[in-house]
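> This is entry.tsv, which holds TSV, N, CA and C atoms:
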```tsv
chain	number	residue	atom	x	y	z
A	1	MET	N	321.85	103.39	56.02
A	1	MET	CA	321.83	101.95	55.86
A	1	MET	C	322.84	101.49	54.80
A	2	PHE	N	322.82	102.15	53.66
A	2	PHE	CA	323.65	101.70	52.53
A	2	PHE	C	324.69	102.72	52.10
A	3	LEU	N	324.81	103.80	52.83
A	3	LEU	CA	325.69	104.89	52.41
A	3	LEU	C	327.16	104.50	52.36
A	4	GLY	N	327.53	103.49	53.10
A	4	GLY	CA	328.91	103.00	53.06
A	4	GLY	C	329.28	102.40	51.72
A	5	MET	N	328.28	102.10	50.90
A	5	MET	CA	328.52	101.53	49.58
A	5	MET	C	328.85	102.61	48.55
A	6	LEU	N	328.64	103.88	48.91
A	6	LEU	CA	328.96	104.98	48.01
A	6	LEU	C	330.41	105.38	48.19
A	7	ASP	N	331.02	105.92	47.13
A	7	ASP	CA	332.38	106.43	47.28
A	7	ASP	C	332.33	107.79	47.97
A	8	ARG	N	333.48	108.32	48.32
A	8	ARG	CA	333.56	109.57	49.10
A	8	ARG	C	332.90	110.74	48.37
A	9	TYR	N	333.08	110.85	47.07
A	9	TYR	CA	332.46	111.95	46.32
A	9	TYR	C	330.94	111.82	46.31
A	10	GLN	N	330.47	110.59	46.15
A	10	GLN	CA	329.02	110.36	46.19
A	10	GLN	C	328.46	110.66	47.58
A	11	GLN	N	329.21	110.30	48.61
A	11	GLN	CA	328.76	110.59	49.97
A	11	GLN	C	328.68	112.09	50.21
A	12	ASP	N	329.65	112.83	49.73
A	12	ASP	CA	329.60	114.29	49.87
A	12	ASP	C	328.39	114.86	49.15
A	13	ALA	N	328.13	114.38	47.93
A	13	ALA	CA	326.98	114.85	47.16
A	13	ALA	C	325.68	114.46	47.85
A	14	PHE	N	325.63	113.25	48.42
A	14	PHE	CA	324.44	112.83	49.16
A	14	PHE	C	324.19	113.76	50.33
A	15	MET	N	325.25	114.07	51.08
A	15	MET	CA	325.07	114.92	52.26
A	15	MET	C	324.59	116.31	51.86
A	16	ALA	N	325.06	116.82	50.73
A	16	ALA	CA	324.57	118.11	50.24
A	16	ALA	C	323.08	118.02	49.92
A	17	LEU	N	322.66	116.94	49.27
A	17	LEU	CA	321.24	116.74	48.97
A	17	LEU	C	320.43	116.61	50.26
A	18	ALA	N	320.97	115.85	51.21
A	18	ALA	CA	320.27	115.65	52.48
A	18	ALA	C	320.09	116.96	53.24
A	19	MET	N	321.14	117.79	53.26
A	19	MET	CA	321.04	119.08	53.93
A	19	MET	C	320.03	119.98	53.24
A	20	ARG	N	320.05	120.00	51.91
A	20	ARG	CA	319.06	120.80	51.17
A	20	ARG	C	317.65	120.33	51.51
A	21	LEU	N	317.49	119.02	51.61
A	21	LEU	CA	316.18	118.44	51.87
A	21	LEU	C	315.67	118.84	53.26
A	22	VAL	N	316.48	118.66	54.28
A	22	VAL	CA	316.00	118.97	55.63
A	22	VAL	C	315.85	120.47	55.86
A	23	LEU	N	316.57	121.28	55.11
A	23	LEU	CA	316.44	122.73	55.25
A	23	LEU	C	315.32	123.32	54.39
A	24	ALA	N	314.72	122.50	53.54
A	24	ALA	CA	313.71	122.99	52.60
A	24	ALA	C	312.51	123.63	53.29
A	25	ASP	N	312.13	123.12	54.46
A	25	ASP	CA	310.98	123.69	55.16
A	25	ASP	C	311.39	124.75	56.17
A	26	GLY	N	312.68	125.08	56.20
A	26	GLY	CA	313.16	126.14	57.08
A	26	GLY	C	313.44	125.69	58.51
A	27	THR	N	313.19	124.43	58.82
A	27	THR	CA	313.39	123.91	60.16
A	27	THR	C	314.01	122.53	60.09
A	28	ILE	N	315.02	122.30	60.93
A	28	ILE	CA	315.54	120.94	61.06
A	28	ILE	C	314.87	120.33	62.28
A	29	HIS	N	313.98	119.39	62.04
A	29	HIS	CA	313.25	118.75	63.12
A	29	HIS	C	314.19	117.82	63.88
A	30	PRO	N	313.90	117.57	65.16
A	30	PRO	CA	314.77	116.70	65.95
A	30	PRO	C	315.01	115.33	65.33
A	31	VAL	N	314.00	114.75	64.72
A	31	VAL	CA	314.17	113.44	64.09
A	31	VAL	C	315.11	113.56	62.90
A	32	GLU	N	314.98	114.63	62.12
A	32	GLU	CA	315.88	114.85	60.98
A	32	GLU	C	317.32	115.02	61.46
A	33	ARG	N	317.49	115.77	62.54
A	33	ARG	CA	318.83	115.99	63.10
A	33	ARG	C	319.46	114.66	63.51
A	34	THR	N	318.67	113.82	64.18
A	34	THR	CA	319.16	112.51	64.60
A	34	THR	C	319.53	111.65	63.40
A	35	LEU	N	318.68	111.64	62.39
A	35	LEU	CA	318.97	110.83	61.20
A	35	LEU	C	320.21	111.33	60.47
A	36	LEU	N	320.41	112.64	60.42
A	36	LEU	CA	321.61	113.19	59.79
A	36	LEU	C	322.87	112.76	60.55
A	37	LYS	N	322.78	112.77	61.88
A	37	LYS	CA	323.92	112.34	62.69
A	37	LYS	C	324.23	110.86	62.44
A	38	ILE	N	323.20	110.05	62.35
A	38	ILE	CA	323.38	108.62	62.08
A	38	ILE	C	324.00	108.42	60.71
A	39	ARG	N	323.50	109.14	59.71
A	39	ARG	CA	324.04	109.01	58.35
A	39	ARG	C	325.50	109.45	58.29
A	40	THR	N	325.81	110.54	58.99
A	40	THR	CA	327.19	111.02	59.02
A	40	THR	C	328.10	110.00	59.69
A	41	ALA	N	327.66	109.43	60.78
A	41	ALA	CA	328.45	108.41	61.47
A	41	ALA	C	328.66	107.18	60.58
A	42	GLU	N	327.62	106.82	59.84
A	42	GLU	CA	327.72	105.67	58.93
A	42	GLU	C	328.78	105.90	57.85
A	43	MET	N	328.88	107.13	57.38
A	43	MET	CA	329.83	107.43	56.31
A	43	MET	C	331.22	107.73	56.85
A	44	GLY	N	331.35	107.98	58.13
A	44	GLY	CA	332.64	108.33	58.71
A	44	GLY	C	332.84	109.83	58.70
A	45	SER	N	333.88	110.25	59.35
A	45	SER	CA	334.14	111.69	59.42
A	45	SER	C	334.76	112.17	58.12
A	46	GLY	N	334.80	113.46	57.98
A	46	GLY	CA	335.41	114.04	56.80
A	46	GLY	C	334.45	114.32	55.67
A	47	ILE	N	333.16	114.19	55.92
A	47	ILE	CA	332.17	114.52	54.88
A	47	ILE	C	332.21	116.03	54.68
A	48	ALA	N	332.38	116.44	53.46
A	48	ALA	CA	332.48	117.87	53.14
A	48	ALA	C	331.32	118.29	52.26
A	49	VAL	N	330.59	119.29	52.72
A	49	VAL	CA	329.51	119.85	51.91
A	49	VAL	C	329.90	121.28	51.56
A	50	PRO	N	330.39	121.48	50.34
A	50	PRO	CA	330.74	122.85	49.94
A	50	PRO	C	329.51	123.75	50.03
A	51	PRO	N	329.65	124.94	50.61
A	51	PRO	CA	328.49	125.83	50.76
A	51	PRO	C	327.73	126.08	49.47
A	52	LEU	N	328.45	126.13	48.35
A	52	LEU	CA	327.78	126.37	47.07
A	52	LEU	C	326.78	125.26	46.74
A	53	GLU	N	327.08	124.04	47.17
A	53	GLU	CA	326.18	122.92	46.89
A	53	GLU	C	324.90	122.99	47.72
A	54	LEU	N	324.89	123.83	48.75
A	54	LEU	CA	323.65	124.03	49.50
A	54	LEU	C	322.74	125.01	48.78
A	55	VAL	N	323.32	125.80	47.88
A	55	VAL	CA	322.55	126.75	47.09
A	55	VAL	C	322.19	126.13	45.75
A	56	ASP	N	323.18	125.59	45.07
A	56	ASP	CA	322.98	124.93	43.79
A	56	ASP	C	322.92	123.42	44.00
A	57	MET	N	322.34	122.73	43.05
A	57	MET	CA	322.28	121.28	43.16
A	57	MET	C	323.68	120.69	43.05
A	58	PRO	N	323.98	119.66	43.85
A	58	PRO	CA	325.27	118.99	43.71
A	58	PRO	C	325.34	118.24	42.38
A	59	ASN	N	326.50	117.78	42.04
A	59	ASN	CA	326.71	117.07	40.78
A	59	ASN	C	326.06	115.70	40.84
A	60	LEU	N	324.88	115.58	40.26
A	60	LEU	CA	324.13	114.32	40.30
A	60	LEU	C	324.74	113.26	39.38
A	61	ALA	N	325.60	113.68	38.46
A	61	ALA	CA	326.26	112.72	37.58
A	61	ALA	C	327.19	111.80	38.35
A	62	LEU	N	327.53	112.17	39.58
A	62	LEU	CA	328.36	111.30	40.42
A	62	LEU	C	327.66	109.97	40.72
A	63	PHE	N	326.35	109.99	40.71
A	63	PHE	CA	325.57	108.77	40.97
A	63	PHE	C	325.40	108.05	39.63
A	64	ASN	N	326.47	107.42	39.21
A	64	ASN	CA	326.56	106.88	37.85
A	64	ASN	C	326.19	105.41	37.73
A	65	THR	N	325.69	104.82	38.79
A	65	THR	CA	325.21	103.43	38.71
A	65	THR	C	323.79	103.38	39.25
A	66	ARG	N	323.09	102.37	38.83
A	66	ARG	CA	321.72	102.19	39.33
A	66	ARG	C	321.73	102.03	40.85
A	67	ALA	N	322.68	101.26	41.35
A	67	ALA	CA	322.76	101.02	42.80
A	67	ALA	C	322.96	102.33	43.57
A	68	SER	N	323.83	103.19	43.09
A	68	SER	CA	324.07	104.45	43.81
A	68	SER	C	322.83	105.34	43.78
A	69	ARG	N	322.12	105.35	42.67
A	69	ARG	CA	320.89	106.16	42.58
A	69	ARG	C	319.80	105.61	43.50
A	70	VAL	N	319.67	104.30	43.58
A	70	VAL	CA	318.67	103.69	44.47
A	70	VAL	C	319.02	103.99	45.92
A	71	ILE	N	320.28	103.87	46.28
A	71	ILE	CA	320.72	104.15	47.65
A	71	ILE	C	320.36	105.59	48.04
A	72	VAL	N	320.69	106.53	47.17
A	72	VAL	CA	320.43	107.94	47.46
A	72	VAL	C	318.94	108.19	47.60
A	73	MET	N	318.15	107.65	46.71
A	73	MET	CA	316.70	107.89	46.78
A	73	MET	C	316.09	107.27	48.04
A	74	LEU	N	316.50	106.07	48.39
A	74	LEU	CA	315.98	105.44	49.61
A	74	LEU	C	316.32	106.29	50.83
A	75	GLU	N	317.56	106.70	50.92
A	75	GLU	CA	318.00	107.49	52.07
A	75	GLU	C	317.30	108.85	52.11
A	76	LEU	N	317.11	109.48	50.97
A	76	LEU	CA	316.43	110.77	50.95
A	76	LEU	C	314.96	110.64	51.33
A	77	TYR	N	314.31	109.57	50.90
A	77	TYR	CA	312.91	109.37	51.29
A	77	TYR	C	312.77	109.14	52.78
A	78	VAL	N	313.72	108.43	53.38
A	78	VAL	CA	313.70	108.24	54.84
A	78	VAL	C	313.77	109.60	55.53
A	79	LEU	N	314.67	110.45	55.07
A	79	LEU	CA	314.78	111.79	55.65
A	79	LEU	C	313.53	112.63	55.40
A	80	ALA	N	313.04	112.58	54.19
A	80	ALA	CA	311.90	113.42	53.81
A	80	ALA	C	310.65	113.11	54.64
A	81	TYR	N	310.42	111.86	54.91
A	81	TYR	CA	309.21	111.47	55.63
A	81	TYR	C	309.44	111.26	57.12
A	82	SER	N	310.64	111.56	57.61
A	82	SER	CA	310.93	111.34	59.03
A	82	SER	C	310.09	112.23	59.94
A	83	ASP	N	309.71	113.40	59.45
A	83	ASP	CA	308.86	114.28	60.25
A	83	ASP	C	307.38	114.11	59.90
A	84	LYS	N	307.08	113.05	59.17
A	84	LYS	CA	305.70	112.67	58.81
A	84	LYS	C	305.02	113.66	57.88
A	85	TYR	N	305.83	114.50	57.22
A	85	TYR	CA	305.25	115.53	56.37
A	85	TYR	C	306.23	115.85	55.25
A	86	LEU	N	305.74	115.86	54.03
A	86	LEU	CA	306.56	116.25	52.88
A	86	LEU	C	306.16	117.66	52.49
A	87	CYS	N	307.03	118.62	52.79
A	87	CYS	CA	306.68	120.01	52.48
A	87	CYS	C	306.91	120.28	50.99
A	88	GLY	N	306.36	121.36	50.52
A	88	GLY	CA	306.45	121.70	49.11
A	88	GLY	C	307.87	121.89	48.62
A	89	GLY	N	308.78	122.35	49.48
A	89	GLY	CA	310.16	122.55	49.10
A	89	GLY	C	310.96	121.26	49.00
A	90	GLU	N	310.51	120.21	49.65
A	90	GLU	CA	311.22	118.94	49.62
A	90	GLU	C	310.93	118.15	48.33
A	91	ALA	N	309.74	118.27	47.82
A	91	ALA	CA	309.34	117.49	46.65
A	91	ALA	C	310.25	117.73	45.45
A	92	PRO	N	310.61	118.97	45.10
A	92	PRO	CA	311.49	119.17	43.94
A	92	PRO	C	312.86	118.52	44.10
A	93	ILE	N	313.36	118.43	45.32
A	93	ILE	CA	314.65	117.81	45.56
A	93	ILE	C	314.56	116.31	45.29
A	94	LEU	N	313.43	115.72	45.65
A	94	LEU	CA	313.24	114.29	45.42
A	94	LEU	C	312.97	113.97	43.96
A	95	ASN	N	312.49	114.94	43.22
A	95	ASN	CA	312.22	114.71	41.80
A	95	ASN	C	313.50	114.87	41.02
```
Can you turn what I pasted into structure tokens?


Amino acid sequence: MFLGMLDRYQQDAFMALAMRLVLADGTIHPVERTLLKIRTAEMGSGIAVPPLELVDMPNLALFNTRASRVIVMLELYVLAYSDKYLCGGEAPILN
């Protein structure tokens, strides 16, 4: 919804967080897959998620405004609850 308001570096970091979130339960549910495709289309092509950021947390300092932090949290909550279940591995990412 609001990802177009983020700069390219913030979008990359968001996508790394989003991928970590949907992979936290070991399964990408069809709804999560659809939402990821929609988010990627909203941001445009060229989103890069360095493999290391899927293991380690991305640089959260990139979200240096209140607006960017609110956007990321709203989008992550949509993904987290899209399968109607918040697994134990997803909660730490949201915190």

> List as a PDB file with N, CA and C atoms, in the frame of the given file the protein and nucleic acid residues near Met43 in chain A, meaning an atom at most 7 Å away when all atoms listed in the file are counted, but skip any in the same chain fewer than 4 places from it.


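The result, stored in out-v1.pdb:
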```pdb
ATOM      1  N   LEU A   3     324.810 103.800  52.830  1.00  0.00           N
ATOM      2  CA  LEU A   3     325.690 104.890  52.410  1.00  0.00           C
ATOM      3  C   LEU A   3     327.160 104.500  52.360  1.00  0.00           C
ATOM      4  N   GLY A   4     327.530 103.490  53.100  1.00  0.00           N
ATOM      5  CA  GLY A   4     328.910 103.000  53.060  1.00  0.00           C
ATOM      6  C   GLY A   4     329.280 102.400  51.720  1.00  0.00           C
ATOM      7  N   ILE A  38     323.200 110.050  62.350  1.00  0.00           N
ATOM      8  CA  ILE A  38     323.380 108.620  62.080  1.00  0.00           C
ATOM      9  C   ILE A  38     324.000 108.420  60.710  1.00  0.00           C
ATOM     10  N   ARG A  39     323.500 109.140  59.710  1.00  0.00           N
ATOM     11  CA  ARG A  39     324.040 109.010  58.350  1.00  0.00           C
ATOM     12  C   ARG A  39     325.500 109.450  58.290  1.00  0.00           C
ATOM     13  N   ILE A  47     333.160 114.190  55.920  1.00  0.00           N
ATOM     14  CA  ILE A  47     332.170 114.520  54.880  1.00  0.00           C
ATOM     15  C   ILE A  47     332.210 116.030  54.680  1.00  0.00           C
TER      16      ILE A  47
END
```

> DSSP says helix (DSSP H, G or I) for which residues of chain A? Put them as a count of residues only?

61

> Which of these, A:Ala16, A:Gln10, A:Leu79, A:Val72, has the shortest distance to Val31 in chain A once you count all atoms listed in the file?

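Closest residue, counting all atoms listed in the file: A:Leu79.
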
> Nearest to Arg33 in chain A among A:Leu62, A:Met1, A:Leu74, A:Asp83, with distances taken over only C-alpha atoms: which residue is it?

A:Asp83

> Around all of range 32-44 of chain A's listed atoms, make the axis-aligned box with 8 Å on each side and tell me centre and edge lengths in Å to one decimal, as JSON.


```
{"center_x": 323.9, "center_y": 110.8, "center_z": 60.5, "size_x": 33.9, "size_y": 26.3, "size_z": 24.3}
```

> Around the point (311.3, 118.0, 54.6) (coordinates from the file), which residues reach within 7 Å if we count all atoms listed in the file? Answer as a ChimeraX atom specification.

/A:21-25,79-81,83,85-87,89-91

> State, in Å with one decimal place, the distance from CA of Asp12 in chain A to CA of Ser82 in chain A.

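If I compute the distance from CA of Asp12 in chain A to CA of Ser82 in chain A, I get 21.0 Å.
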
> Between A:Ala67, A:Lys84, A:Ile93, A:Glu75, single out the one closest to Met5 in chain A, counting only N, CA and C atoms.

A:Ala67

> Just how far from CA of Leu17 in chain A is CA of Met57 in chain A, in Å to one decimal?

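These atoms are spaced 7.4 Å apart.
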
> Please compute the CA of Asp7 in chain A-CA of Leu76 in chain A distance, one decimal, in Å.

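Result for CA of Asp7 in chain A versus CA of Leu76 in chain A: 16.9 Å, one decimal.
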
> Please return as an MDAnalysis selection string every residue within 7 Å of (322.4, 114.0, 54.8), taking into account only N, CA and C atoms and the file's own coordinates.

chainID A and resid 14:19 35:36 39:40
